[in-house]
Amino acid sequence: MAELTLPKNSKVQKGRHFAYDGEAEKPRTFRIYRYDPSADELPRMDTYDIDLADSGPMVLDAILHIIDTIDPSLALRRSCREGVCGSCAMNINGTNKLACLTHIDELKSGEVRLSPLPHLKVIKDLVGDLRTLYAQLELIEPWLQNDQAEPERERLQLPEDRDKLDGEYECILCFCCATACPSYWWSGEQYLGPAILLQAHRWLVDSRDDRTGERLDALDDPFRLYRCHTIMNCTNACPKGLNPAKAIADTKRMLARRG
Amino acid sequence: MARPLSPHLTWYKPQITSVLSILHRLTGIALAVGSIALAWWVVAVAVGGATFANTTAVYTSIIGQIFLFGWTLALSFHLSNGIRHLFWDAGYGFEMTTVNRSGMAVLLMTAVLTIVVWLIALIG
């Protein structure tokens with residue numbers, strides 16, 4: 001049964017407020033989810049007032065500015081700062097985004113609210129536990145499986161077959177989509193979710209792969225695949241503009257055609 | 001202490017995608033209940049006499065009318081959005097601009113169908 005509210009140990013408390021010292025040129029307030037596993041405390045929302053004139057333009061810049069000048073204890077994942085690594089995915093003002101690709105000026109005026117990707121076990125602050133998602137990725141065997149003898153050079157593919165991978169291979173596994181999906185929130189242990197199913201589809205349609213039948217067998221399950229109810233929150237959230245919902249629908253049709 | 005669960009439903013911004021999806025489910029449940037009321041009415045027609053008179057009295061009362069209006073809304077929505085789902089199942093309409101437009105179309109259809117049904121009911 002779906003747990004609509006947060007369990008007792010997850011209720012978010014009021015946190016500390018770090019007011020800006022002096023007159024800010026471009027003031028902005030950030031409210032950030034904090035959880036310290038080493039302290040025996042409930043998670044809380046800390047408030048940071050900063051001057052955007054001192055910070056870069058992106059949400060990630062502002063977070064790093066807060067860490068550098070106010071609170072070095074704030075934890076997050078980040079690496080490339082240009083939308084190719086997928087590390088800094090988080091919930092920004094209610095929807096999942098990459099902090100590095102989100103302009104602060106794009107957001108509605110007022111406070112900027114940051115929390116970890118939804119419905120994950122929190123490791124610390126903005127860092128969610130992605131182990132279930134990685135295990136599910138492993139389950140769909142996301143690598144080329146081919147029974148032919150190894151060619152001298154690469155396995156060739158027609159341009160039109162290669163085109164089928166466009167819009168799928170670009171996924172950076174940031175999991176903005178999976179953690180935006182209500183179905184994944186309620187059945188994430190069994191349902192594979194949009195990110196993993198997009199990957200599964202990417203191998204289903206690869207002309208060089210010989211395991212299409214076995215891959216479909218592995219997905220033909222009331223939970224793994226069919227918990228997708230075409231809610232479309234996934235496609236709405238994807239920071240790379242990909243369409244997991246479409247890939248899932250195509251997988252369902254591949255199974256229906258197979259009979 | 002066990003690790004907390006990050007905020008989800010109550011913090012995630014409602015959007016046309018998720019709101020219409022949950023409405024589809026809620027109207028489906030409402031219609032399942034409504035089908036009992038419909039079956040009851042058919043039984044009352046067959047039995048006739050006092051049963052039919054009492055049932056008609058309840059169904060035409062203010063509260064009865066409010067429920068019937070609600071079921072008309074629910075049916076109009078579930079039907080319109082169901083057609084939208086058929087398109088998705090056939091592989092069409094997955095681009096976000098289309099999804100948003102078809103969602104608005106569903107809401108418009110819901111209003112139009114409900115108004116048409118009640119106009120016919122009130123005039124006829």
# chains A, B, ... in the order shown; residues from 1 in each chain; ligands from 1
>>> interface_residues(of="chain B", to="chain A", cutoff="6 Å", atoms="only C-alpha atoms", output="number ranges by chain")
B: 3-8, 11-13, 17-18, 21, 94
>>> residues_around(residues="A:Glu23", least_positions_apart="3", cutoff="12 Å", atoms="only C-alpha atoms", output="list in words")
Ala19, Tyr20, Lys26, Pro27, Arg28, Asp49, Ile50, Asp51, Leu52 and Ala53 of chain A
>>> residues_around(residues="B:Thr110", least_positions_apart="6", cutoff="7 Å", atoms="only C-alpha atoms", output="mmCIF file with C-alpha atoms, in the first residue's frame")
data_model
loop_
_atom_site.group_PDB
_atom_site.id
_atom_site.type_symbol
_atom_site.label_atom_id
_atom_site.label_comp_id
_atom_site.auth_asym_id
_atom_site.auth_seq_id
_atom_site.Cartn_x
_atom_site.Cartn_y
_atom_site.Cartn_z
ATOM 1 C CA LEU B 73 -18.365 14.786 -14.514
ATOM 2 C CA SER B 76 -17.029 12.585 -18.985
ATOM 3 C CA PHE B 77 -13.491 12.839 -17.662
ATOM 4 C CA SER B 80 -12.127 11.564 -22.503
#
>>> residues_around(residues="B:Ile115", least_positions_apart="4", cutoff="10 Å", atoms="only C-alpha atoms", output="JSON, numbers by chain")
{"B": [69, 72, 73, 76, 109, 110, 111, 119, 120, 121]}
>>> residues_around(residues="stretch 62-65 of chain A", least_positions_apart="4", cutoff="9 Å", atoms="only C-alpha atoms", output="JSON, numbers by chain")
{"A": [30, 50, 52, 54, 55, 56, 57, 58, 69, 70, 74, 76, 99, 104]}
>>> write_last_selection(atoms="all heavy atoms", output="mmCIF file, in the first residue's frame")
data_model
loop_
_atom_site.group_PDB
_atom_site.id
_atom_site.type_symbol
_atom_site.label_atom_id
_atom_site.label_comp_id
_atom_site.auth_asym_id
_atom_site.auth_seq_id
_atom_site.Cartn_x
_atom_site.Cartn_y
_atom_site.Cartn_z
ATOM 1 N N PHE A 30 17.788 30.646 0.100
ATOM 2 C CA PHE A 30 17.776 29.216 -0.221
ATOM 3 C C PHE A 30 17.382 28.429 1.012
ATOM 4 O O PHE A 30 17.959 28.630 2.085
ATOM 5 C CB PHE A 30 19.156 28.757 -0.719
ATOM 6 C CG PHE A 30 19.445 29.191 -2.125
ATOM 7 C CD1 PHE A 30 19.765 30.523 -2.406
ATOM 8 C CD2 PHE A 30 19.385 28.282 -3.168
ATOM 9 C CE1 PHE A 30 20.010 30.928 -3.704
ATOM 10 C CE2 PHE A 30 19.631 28.680 -4.470
ATOM 11 C CZ PHE A 30 19.942 30.005 -4.742
ATOM 12 N N ILE A 50 21.686 34.715 0.726
ATOM 13 C CA ILE A 50 22.953 35.049 0.059
ATOM 14 C C ILE A 50 22.746 36.209 -0.908
ATOM 15 O O ILE A 50 21.622 36.597 -1.214
ATOM 16 C CB ILE A 50 23.552 33.839 -0.709
ATOM 17 C CG1 ILE A 50 22.621 33.382 -1.838
ATOM 18 C CG2 ILE A 50 23.846 32.691 0.237
ATOM 19 C CD1 ILE A 50 23.286 32.440 -2.820
ATOM 20 N N LEU A 52 23.286 37.092 -4.648
ATOM 21 C CA LEU A 52 23.556 36.426 -5.923
ATOM 22 C C LEU A 52 24.657 37.138 -6.713
ATOM 23 O O LEU A 52 25.240 36.563 -7.626
ATOM 24 C CB LEU A 52 22.280 36.336 -6.762
ATOM 25 C CG LEU A 52 21.241 35.310 -6.294
ATOM 26 C CD1 LEU A 52 20.085 35.252 -7.288
ATOM 27 C CD2 LEU A 52 21.850 33.931 -6.131
ATOM 28 N N ASP A 54 27.461 37.694 -5.677
ATOM 29 C CA ASP A 54 28.726 37.017 -5.363
ATOM 30 C C ASP A 54 28.787 35.601 -5.923
ATOM 31 O O ASP A 54 29.800 34.913 -5.765
ATOM 32 C CB ASP A 54 28.912 36.907 -3.838
ATOM 33 C CG ASP A 54 28.873 38.253 -3.152
ATOM 34 O OD1 ASP A 54 29.237 39.238 -3.820
ATOM 35 O OD2 ASP A 54 28.472 38.304 -1.976
ATOM 36 N N SER A 55 27.673 35.138 -6.508
ATOM 37 C CA SER A 55 27.598 33.731 -6.896
ATOM 38 C C SER A 55 27.439 33.612 -8.408
ATOM 39 O O SER A 55 27.050 34.555 -9.079
ATOM 40 C CB SER A 55 26.408 33.081 -6.177
ATOM 41 O OG SER A 55 25.842 32.058 -6.961
ATOM 42 N N GLY A 56 27.737 32.441 -8.943
ATOM 43 C CA GLY A 56 27.491 32.162 -10.352
ATOM 44 C C GLY A 56 25.995 32.090 -10.604
ATOM 45 O O GLY A 56 25.199 32.152 -9.672
ATOM 46 N N PRO A 57 25.580 31.917 -11.880
ATOM 47 C CA PRO A 57 24.153 32.019 -12.220
ATOM 48 C C PRO A 57 23.316 30.757 -11.951
ATOM 49 O O PRO A 57 22.095 30.833 -11.920
ATOM 50 C CB PRO A 57 24.179 32.305 -13.723
ATOM 51 C CG PRO A 57 25.454 31.684 -14.196
ATOM 52 C CD PRO A 57 26.432 31.798 -13.072
ATOM 53 N N MET A 58 23.971 29.613 -11.779
ATOM 54 C CA MET A 58 23.214 28.365 -11.669
ATOM 55 C C MET A 58 22.946 27.991 -10.210
ATOM 56 O O MET A 58 23.663 28.435 -9.303
ATOM 57 C CB MET A 58 23.983 27.222 -12.339
ATOM 58 C CG MET A 58 24.275 27.470 -13.795
ATOM 59 S SD MET A 58 22.751 27.745 -14.736
ATOM 60 C CE MET A 58 23.355 27.596 -16.398
ATOM 61 N N THR A 69 31.240 29.847 1.672
ATOM 62 C CA THR A 69 31.252 31.062 2.500
ATOM 63 C C THR A 69 30.432 30.955 3.776
ATOM 64 O O THR A 69 30.622 31.752 4.695
ATOM 65 C CB THR A 69 30.705 32.266 1.688
ATOM 66 O OG1 THR A 69 29.367 31.964 1.282
ATOM 67 C CG2 THR A 69 31.562 32.540 0.468
ATOM 68 N N ILE A 70 29.477 30.004 3.854
ATOM 69 C CA ILE A 70 28.609 29.961 5.038
ATOM 70 C C ILE A 70 28.714 28.645 5.791
ATOM 71 O O ILE A 70 28.941 28.625 7.002
ATOM 72 C CB ILE A 70 27.124 30.192 4.654
ATOM 73 C CG1 ILE A 70 26.968 31.492 3.859
ATOM 74 C CG2 ILE A 70 26.255 30.238 5.910
ATOM 75 C CD1 ILE A 70 25.576 31.693 3.296
ATOM 76 N N LEU A 74 27.545 21.212 4.377
ATOM 77 C CA LEU A 74 26.483 20.823 3.437
ATOM 78 C C LEU A 74 27.020 19.843 2.390
ATOM 79 O O LEU A 74 28.023 20.111 1.736
ATOM 80 C CB LEU A 74 25.929 22.086 2.752
ATOM 81 C CG LEU A 74 24.889 21.908 1.658
ATOM 82 C CD1 LEU A 74 23.661 21.197 2.178
ATOM 83 C CD2 LEU A 74 24.511 23.259 1.067
ATOM 84 N N LEU A 76 26.555 17.349 -1.057
ATOM 85 C CA LEU A 76 25.830 17.044 -2.294
ATOM 86 C C LEU A 76 26.770 16.301 -3.213
ATOM 87 O O LEU A 76 27.984 16.265 -2.989
ATOM 88 C CB LEU A 76 25.319 18.316 -2.975
ATOM 89 C CG LEU A 76 26.298 19.109 -3.838
ATOM 90 C CD1 LEU A 76 25.547 19.913 -4.873
ATOM 91 C CD2 LEU A 76 27.173 20.018 -2.998
ATOM 92 N N ALA A 99 21.054 20.608 -10.813
ATOM 93 C CA ALA A 99 21.363 21.924 -10.250
ATOM 94 C C ALA A 99 22.265 22.720 -11.185
ATOM 95 O O ALA A 99 22.173 23.939 -11.270
ATOM 96 C CB ALA A 99 22.011 21.754 -8.878
ATOM 97 N N ILE A 104 19.167 30.204 -11.785
ATOM 98 C CA ILE A 104 18.412 30.712 -10.639
ATOM 99 C C ILE A 104 17.346 31.703 -11.119
ATOM 100 O O ILE A 104 16.231 31.727 -10.625
ATOM 101 C CB ILE A 104 19.363 31.388 -9.625
ATOM 102 C CG1 ILE A 104 20.379 30.358 -9.122
ATOM 103 C CG2 ILE A 104 18.591 31.989 -8.458
ATOM 104 C CD1 ILE A 104 21.561 30.939 -8.398
#
>>> closest_atom_pairs(of="stretch 66-103 of chain B", to="stretch 31-45 of chain B", cutoff="8 Å", atoms="only C-alpha atoms", output="JSON lines")
{"residue": "B:Trp71", "atom": "CA", "partner": "B:Leu31", "partner_atom": "CA", "distance": 6.6}
{"residue": "B:Ala74", "atom": "CA", "partner": "B:Leu31", "partner_atom": "CA", "distance": 6.8}
{"residue": "B:Leu75", "atom": "CA", "partner": "B:Leu31", "partner_atom": "CA", "distance": 6.8}
>>> residues_around(residues="A:Ile140", least_positions_apart="4", cutoff="8 Å", atoms="only C-alpha atoms", output="mmCIF file with N, CA and C atoms, in the first residue's frame")
data_model
loop_
_atom_site.group_PDB
_atom_site.id
_atom_site.type_symbol
_atom_site.label_atom_id
_atom_site.label_comp_id
_atom_site.auth_asym_id
_atom_site.auth_seq_id
_atom_site.Cartn_x
_atom_site.Cartn_y
_atom_site.Cartn_z
ATOM 1 N N GLN A 136 18.903 -2.361 -10.099
ATOM 2 C CA GLN A 136 17.910 -2.581 -11.152
ATOM 3 C C GLN A 136 18.533 -2.400 -12.530
ATOM 4 N N ILE A 196 15.476 3.019 -15.827
ATOM 5 C CA ILE A 196 15.970 1.675 -16.142
ATOM 6 C C ILE A 196 15.246 1.128 -17.375
ATOM 7 N N ALA A 200 16.619 -0.337 -20.808
ATOM 8 C CA ALA A 200 16.230 -1.658 -21.308
ATOM 9 C C ALA A 200 15.808 -1.549 -22.776
ATOM 10 N N ARG A 215 15.467 -10.497 -23.333
ATOM 11 C CA ARG A 215 15.283 -9.209 -22.645
ATOM 12 C C ARG A 215 13.799 -8.932 -22.434
ATOM 13 N N ALA A 218 12.399 -11.009 -19.614
ATOM 14 C CA ALA A 218 12.749 -10.495 -18.291
ATOM 15 C C ALA A 218 11.867 -9.316 -17.876
#
>>> select_by_dssp(residues="stretch 1-113 of chain B", states="alpha helix (DSSP H)", output="VMD selection string")
chain B and resid 16 to 47 49 to 60 62 to 89 96 to 113
>>> atom_distance(atom1="atom CA of A:Leu173", atom2="atom CA of A:Gly188")
15.9 Å
>>> select_by_dssp(residues="stretch 10-224 of chain A", states="strand (DSSP E or B)", output="JSON, numbers by chain")
{"A": [13, 14, 15, 16, 17, 18, 27, 28, 29, 30, 31, 32, 33, 34, 44, 45, 46, 47, 48, 49, 50, 51, 58, 89, 90, 91, 92, 95, 96, 97, 98, 103, 112, 113, 114, 115, 121, 122, 123, 124, 127, 128]}
>>> write_last_selection(atoms="N, CA and C atoms", output="short mmCIF file (atom, residue, chain, number, x, y, z; two decimals), in the first residue's frame")
data_model
loop_
_atom_site.label_atom_id
_atom_site.label_comp_id
_atom_site.auth_asym_id
_atom_site.auth_seq_id
_atom_site.Cartn_x
_atom_site.Cartn_y
_atom_site.Cartn_z
N GLN A 13 11.97 19.10 10.05
CA GLN A 13 11.84 20.11 11.09
C GLN A 13 12.31 21.48 10.58
N LYS A 14 11.97 22.50 11.36
CA LYS A 14 12.52 23.84 11.11
C LYS A 14 14.00 23.82 11.45
N GLY A 15 14.82 24.45 10.63
CA GLY A 15 16.26 24.41 10.89
C GLY A 15 16.81 25.76 11.29
N ARG A 16 18.11 25.93 11.04
CA ARG A 16 18.78 27.18 11.40
C ARG A 16 18.61 28.21 10.28
N HIS A 17 18.80 29.46 10.63
CA HIS A 17 18.70 30.53 9.64
C HIS A 17 20.02 31.31 9.60
N PHE A 18 20.68 31.32 8.46
CA PHE A 18 21.91 32.08 8.30
C PHE A 18 21.57 33.37 7.56
N PRO A 27 19.63 39.99 -3.33
CA PRO A 27 19.39 39.00 -2.27
C PRO A 27 18.52 37.83 -2.74
N ARG A 28 18.82 36.66 -2.23
CA ARG A 28 18.00 35.48 -2.53
C ARG A 28 18.12 34.51 -1.36
N THR A 29 17.02 33.85 -1.07
CA THR A 29 17.01 32.93 0.06
C THR A 29 16.92 31.49 -0.43
N PHE A 30 17.79 30.65 0.10
CA PHE A 30 17.78 29.22 -0.22
C PHE A 30 17.38 28.43 1.01
N ARG A 31 16.39 27.56 0.86
CA ARG A 31 16.02 26.65 1.96
C ARG A 31 16.46 25.25 1.55
N ILE A 32 17.34 24.68 2.35
CA ILE A 32 17.97 23.44 1.94
C ILE A 32 17.74 22.32 2.96
N TYR A 33 17.37 21.15 2.45
CA TYR A 33 17.13 19.96 3.28
C TYR A 33 18.45 19.50 3.89
N ARG A 34 18.45 19.34 5.20
CA ARG A 34 19.66 18.88 5.88
C ARG A 34 19.37 17.62 6.69
N ARG A 44 15.99 18.51 8.71
CA ARG A 44 15.49 19.87 8.93
C ARG A 44 15.74 20.71 7.67
N MET A 45 15.07 21.86 7.60
CA MET A 45 15.32 22.79 6.51
C MET A 45 16.12 23.97 7.04
N ASP A 46 17.35 24.14 6.55
CA ASP A 46 18.15 25.29 6.92
C ASP A 46 17.94 26.40 5.89
N THR A 47 17.97 27.64 6.36
CA THR A 47 17.74 28.78 5.48
C THR A 47 19.02 29.59 5.34
N TYR A 48 19.39 29.88 4.10
CA TYR A 48 20.60 30.66 3.82
C TYR A 48 20.24 31.87 2.98
N ASP A 49 20.52 33.06 3.49
CA ASP A 49 20.34 34.27 2.69
C ASP A 49 21.68 34.61 2.05
N ILE A 50 21.69 34.72 0.73
CA ILE A 50 22.95 35.05 0.06
C ILE A 50 22.75 36.21 -0.91
N ASP A 51 23.88 36.75 -1.37
CA ASP A 51 23.85 37.78 -2.39
C ASP A 51 24.23 37.14 -3.72
N MET A 58 23.97 29.61 -11.78
CA MET A 58 23.21 28.37 -11.67
C MET A 58 22.95 27.99 -10.21
N ALA A 89 21.61 15.90 -9.61
CA ALA A 89 20.15 15.85 -9.69
C ALA A 89 19.56 16.01 -8.31
N MET A 90 18.56 16.88 -8.19
CA MET A 90 17.91 17.09 -6.90
C MET A 90 16.54 17.71 -7.16
N ASN A 91 15.76 17.82 -6.10
CA ASN A 91 14.46 18.44 -6.24
C ASN A 91 14.58 19.94 -6.00
N ILE A 92 14.29 20.74 -7.03
CA ILE A 92 14.42 22.19 -6.96
C ILE A 92 13.05 22.82 -7.09
N THR A 95 10.27 20.27 -8.42
CA THR A 95 10.48 19.32 -9.51
C THR A 95 11.95 18.91 -9.58
N ASN A 96 12.17 17.74 -10.18
CA ASN A 96 13.54 17.23 -10.25
C ASN A 96 14.29 17.86 -11.40
N LYS A 97 15.49 18.35 -11.09
CA LYS A 97 16.32 19.01 -12.10
C LYS A 97 17.78 18.75 -11.79
N LEU A 98 18.65 19.08 -12.75
CA LEU A 98 20.07 19.12 -12.48
C LEU A 98 20.39 20.52 -11.98
N HIS A 103 19.11 27.64 -14.17
CA HIS A 103 19.36 29.05 -13.92
C HIS A 103 18.55 29.51 -12.71
N VAL A 112 14.23 29.63 -2.88
CA VAL A 112 14.57 28.45 -3.67
C VAL A 112 14.64 27.28 -2.70
N ARG A 113 13.81 26.26 -2.93
CA ARG A 113 13.78 25.13 -1.99
C ARG A 113 14.48 23.92 -2.60
N LEU A 114 15.47 23.41 -1.91
CA LEU A 114 16.23 22.27 -2.42
C LEU A 114 16.08 21.07 -1.48
N SER A 115 15.79 19.91 -2.07
CA SER A 115 15.73 18.69 -1.27
C SER A 115 16.28 17.54 -2.12
N LYS A 121 16.18 6.84 0.38
CA LYS A 121 16.77 6.89 1.71
C LYS A 121 17.88 7.94 1.66
N VAL A 122 17.88 8.86 2.62
CA VAL A 122 18.85 9.95 2.57
C VAL A 122 20.14 9.52 3.27
N ILE A 123 21.26 9.68 2.56
CA ILE A 123 22.57 9.36 3.15
C ILE A 123 23.05 10.56 3.95
N LYS A 124 23.03 11.74 3.32
CA LYS A 124 23.33 12.98 4.03
C LYS A 124 22.82 14.14 3.18
N VAL A 127 22.14 14.14 -0.60
CA VAL A 127 22.62 12.90 -1.19
C VAL A 127 21.66 11.76 -0.87
N GLY A 128 21.01 11.23 -1.91
CA GLY A 128 20.09 10.11 -1.73
C GLY A 128 20.79 8.79 -2.05
#
>>> closest_residue(among="A:Arg208, A:Asp163, A:Leu130, A:Trp186", to="A:Asp147", atoms="only C-alpha atoms")
A:Arg208
>>> atom_distance(atom1="atom CA of B:Ala46", atom2="atom CA of B:Gln65")
21.7 Å
>>> decode(residues="stretch 94-117 of chain B", atoms="N, CA, C and O atoms", output="tab-separated table (two decimals), in the first residue's frame")
chain	number	residue	atom	x	y	z
B	94	PHE	N	3.28	11.34	-27.35
B	94	PHE	CA	4.18	11.32	-26.19
B	94	PHE	C	5.04	12.56	-26.03
B	94	PHE	O	5.73	12.71	-25.04
B	95	GLU	N	5.04	13.46	-27.05
B	95	GLU	CA	5.85	14.67	-26.88
B	95	GLU	C	5.20	15.55	-25.83
B	95	GLU	O	3.97	15.63	-25.75
B	96	MET	N	6.01	16.23	-25.02
B	96	MET	CA	5.45	16.98	-23.89
B	96	MET	C	4.43	18.04	-24.33
B	96	MET	O	3.42	18.23	-23.66
B	97	THR	N	4.69	18.70	-25.48
B	97	THR	CA	3.72	19.71	-25.92
B	97	THR	C	2.38	19.05	-26.23
B	97	THR	O	1.32	19.58	-25.88
B	98	THR	N	2.43	17.86	-26.87
B	98	THR	CA	1.20	17.12	-27.17
B	98	THR	C	0.52	16.67	-25.88
B	98	THR	O	-0.70	16.75	-25.74
B	99	VAL	N	1.32	16.19	-24.94
B	99	VAL	CA	0.77	15.71	-23.67
B	99	VAL	C	0.02	16.85	-22.96
B	99	VAL	O	-1.11	16.67	-22.49
B	100	ASN	N	0.62	18.02	-22.94
B	100	ASN	CA	-0.03	19.16	-22.29
B	100	ASN	C	-1.30	19.58	-23.03
B	100	ASN	O	-2.32	19.86	-22.41
B	101	ARG	N	-1.22	19.58	-24.36
B	101	ARG	CA	-2.39	19.97	-25.15
B	101	ARG	C	-3.51	18.96	-25.01
B	101	ARG	O	-4.67	19.33	-24.82
B	102	SER	N	-3.17	17.66	-25.11
B	102	SER	CA	-4.23	16.65	-25.00
B	102	SER	C	-4.84	16.67	-23.60
B	102	SER	O	-6.03	16.42	-23.44
B	103	GLY	N	-4.02	17.01	-22.61
B	103	GLY	CA	-4.55	17.13	-21.25
B	103	GLY	C	-5.58	18.25	-21.15
B	103	GLY	O	-6.65	18.08	-20.57
B	104	MET	N	-5.25	19.40	-21.75
B	104	MET	CA	-6.21	20.51	-21.75
B	104	MET	C	-7.46	20.14	-22.54
B	104	MET	O	-8.58	20.48	-22.14
B	105	ALA	N	-7.27	19.41	-23.64
B	105	ALA	CA	-8.42	18.98	-24.46
B	105	ALA	C	-9.34	18.08	-23.65
B	105	ALA	O	-10.56	18.17	-23.76
B	106	VAL	N	-8.74	17.22	-22.83
B	106	VAL	CA	-9.53	16.31	-21.99
B	106	VAL	C	-10.38	17.14	-21.02
B	106	VAL	O	-11.59	16.87	-20.85
B	107	LEU	N	-9.79	18.16	-20.43
B	107	LEU	CA	-10.55	18.99	-19.48
B	107	LEU	C	-11.69	19.72	-20.18
B	107	LEU	O	-12.80	19.82	-19.67
B	108	LEU	N	-11.39	20.21	-21.39
B	108	LEU	CA	-12.42	20.91	-22.16
B	108	LEU	C	-13.56	19.95	-22.52
B	108	LEU	O	-14.75	20.27	-22.35
B	109	MET	N	-13.20	18.75	-23.01
B	109	MET	CA	-14.19	17.73	-23.36
B	109	MET	C	-15.05	17.37	-22.15
B	109	MET	O	-16.26	17.16	-22.27
B	110	THR	N	-14.40	17.28	-20.98
B	110	THR	CA	-15.13	16.93	-19.76
B	110	THR	C	-16.22	17.97	-19.49
B	110	THR	O	-17.37	17.62	-19.22
B	111	ALA	N	-15.84	19.24	-19.60
B	111	ALA	CA	-16.81	20.31	-19.36
B	111	ALA	C	-17.93	20.26	-20.39
B	111	ALA	O	-19.11	20.32	-20.05
B	112	VAL	N	-17.57	20.13	-21.67
B	112	VAL	CA	-18.57	20.14	-22.74
B	112	VAL	C	-19.54	18.97	-22.59
B	112	VAL	O	-20.77	19.15	-22.60
B	113	LEU	N	-19.01	17.76	-22.40
B	113	LEU	CA	-19.87	16.57	-22.27
B	113	LEU	C	-20.82	16.70	-21.09
B	113	LEU	O	-22.01	16.41	-21.19
B	114	THR	N	-20.29	17.19	-19.96
B	114	THR	CA	-21.12	17.33	-18.76
B	114	THR	C	-22.25	18.32	-19.01
B	114	THR	O	-23.42	18.05	-18.68
B	115	ILE	N	-21.91	19.45	-19.62
B	115	ILE	CA	-22.93	20.47	-19.90
B	115	ILE	C	-23.98	19.93	-20.86
B	115	ILE	O	-25.19	20.09	-20.65
B	116	VAL	N	-23.53	19.23	-21.91
B	116	VAL	CA	-24.47	18.69	-22.90
B	116	VAL	C	-25.42	17.70	-22.23
B	116	VAL	O	-26.64	17.77	-22.40
B	117	VAL	N	-24.89	16.79	-21.43
B	117	VAL	CA	-25.72	15.78	-20.76
B	117	VAL	C	-26.76	16.46	-19.89
B	117	VAL	O	-27.95	16.11	-19.91
